[in-house]
Amino acid sequence: RELEGQGKMKVTGVLAEGCIARHNQTSGESAIHAGDLITSFNGGEATAAAMAGVVEGQKIRLTISRGPQQAAAPQPQVMGAEDRGERRAVAPQAAPAAEAQSFEVDFVKKGALGISLRELEGQGKMKVTGVLAEGCIARHNQTSGESAIHAGDLITSFNGGEATAAAMAGVVEGQKIRLTISRGPQQAAAPQPQVMGAEDRGERRAVAPQAAPAAEAQSFEVDFVKKGALGISLRELEGQG
């Protein structure tokens, strides 16, 4: 969403495929997620018009701002790494995972889940295709560190059973939910810890061990070359200019 008169855009979701998803695969804490603020686009204002004018093969630099509640740890400045002609953000000391990681997330349904899913037919699993800026999953992600749920993750179990659209549709307000998440080796920048439930206003949320909350908003840059769709959703906030 575009913040009118501010030259900034709010990220409301990241799709499982696209430039941003590819960047996120190796970016660690510099990955772009729902709730982040794009404060600059190629050195100028971040506006819908500027984003719409991007052409194939164009080099793009985004300046990202992340609030203290969303940032589980200070975000490093982006380091450009050449990979098939595309410069991507790499978090220092973020070692790639050797194999797929699996962890659990526990929470209580309070309002919308705020997640978009694609069912893998006949497998009892669901692929996360996007996380909205508001909802149960977004609240979980605010303090979850590496156990946050992102586009591309696989839900392999829902409350101990199969993860299906029918099961998810039957969730009622106040119901306790446990999701088992699987993350592939390319997507996981570091091994994902097992979830530890933390009570917060009656909602159990995953907390990554040793992930200290940031004391202030973090800012970092992301560089890449447009190859195909950006794969990011942005929504304008009216009346905030």
# chains A, B, ... in the order shown; residues from 1 in each chain; ligands from 1
>>> residues_around(residues="region 13-15 of chain A", least_positions_apart="3", cutoff="12 Å", atoms="only C-alpha atoms", output="ChimeraX atom specification")
/A:1,9-10,18-24,31-37,114-118,127-134,137-138,149-153,229-235
>>> select_by_dssp(residues="region 88-180 of chain A", states="strand (DSSP E)", output="number ranges by chain")
A: 88-89, 101-108, 115-120, 125-131, 154-158, 176-180
>>> residues_around(residues="region 175-181 of chain A", least_positions_apart="2", cutoff="9 Å", atoms="only C-alpha atoms", output="MDAnalysis selection string")
chainID A and resid 101:110 147 149 153:160 163 171:173 183 203:204
>>> write_last_selection(atoms="C-alpha atoms", output="PDB file, in the first residue's frame")
ATOM      1  CA  GLN A 101      13.880 -27.871   8.602  1.00  0.00           C
ATOM      2  CA  SER A 102      10.704 -28.694  10.523  1.00  0.00           C
ATOM      3  CA  PHE A 103       9.195 -26.852  13.486  1.00  0.00           C
ATOM      4  CA  GLU A 104       5.844 -26.302  15.182  1.00  0.00           C
ATOM      5  CA  VAL A 105       3.819 -23.146  15.775  1.00  0.00           C
ATOM      6  CA  ASP A 106       1.105 -22.847  18.439  1.00  0.00           C
ATOM      7  CA  PHE A 107      -1.406 -20.004  18.731  1.00  0.00           C
ATOM      8  CA  VAL A 108      -5.041 -19.253  19.479  1.00  0.00           C
ATOM      9  CA  LYS A 109      -7.314 -18.026  16.678  1.00  0.00           C
ATOM     10  CA  LYS A 110      -8.203 -14.395  17.307  1.00  0.00           C
ATOM     11  CA  SER A 147      10.260 -19.622  13.319  1.00  0.00           C
ATOM     12  CA  ILE A 149       5.888 -18.359   8.754  1.00  0.00           C
ATOM     13  CA  ASP A 153       6.724 -22.740   3.726  1.00  0.00           C
ATOM     14  CA  LEU A 154       4.875 -26.069   3.770  1.00  0.00           C
ATOM     15  CA  ILE A 155       2.226 -26.855   6.400  1.00  0.00           C
ATOM     16  CA  THR A 156       2.535 -30.609   6.877  1.00  0.00           C
ATOM     17  CA  SER A 157       0.170 -31.032   9.834  1.00  0.00           C
ATOM     18  CA  PHE A 158      -2.811 -29.194  11.308  1.00  0.00           C
ATOM     19  CA  ASN A 159      -3.602 -29.997  14.967  1.00  0.00           C
ATOM     20  CA  GLY A 160      -1.926 -33.384  14.624  1.00  0.00           C
ATOM     21  CA  ALA A 163      -3.367 -30.023   6.636  1.00  0.00           C
ATOM     22  CA  VAL A 171     -11.382 -23.324  12.618  1.00  0.00           C
ATOM     23  CA  VAL A 172     -13.516 -21.339  15.075  1.00  0.00           C
ATOM     24  CA  GLU A 173     -12.725 -18.242  17.127  1.00  0.00           C
ATOM     25  CA  ARG A 183      11.057 -25.331   5.206  1.00  0.00           C
ATOM     26  CA  GLU A 203      -1.896 -16.548  22.723  1.00  0.00           C
ATOM     27  CA  ARG A 204       0.953 -19.071  22.500  1.00  0.00           C
TER      28      ARG A 204
END
>>> atom_distance(atom1="CA of Val222 (chain A)", atom2="CA of Leu62 (chain A)")
5.2 Å
>>> atom_distance(atom1="CA of Ala100 (chain A)", atom2="CA of Phe220 (chain A)")
27.6 Å
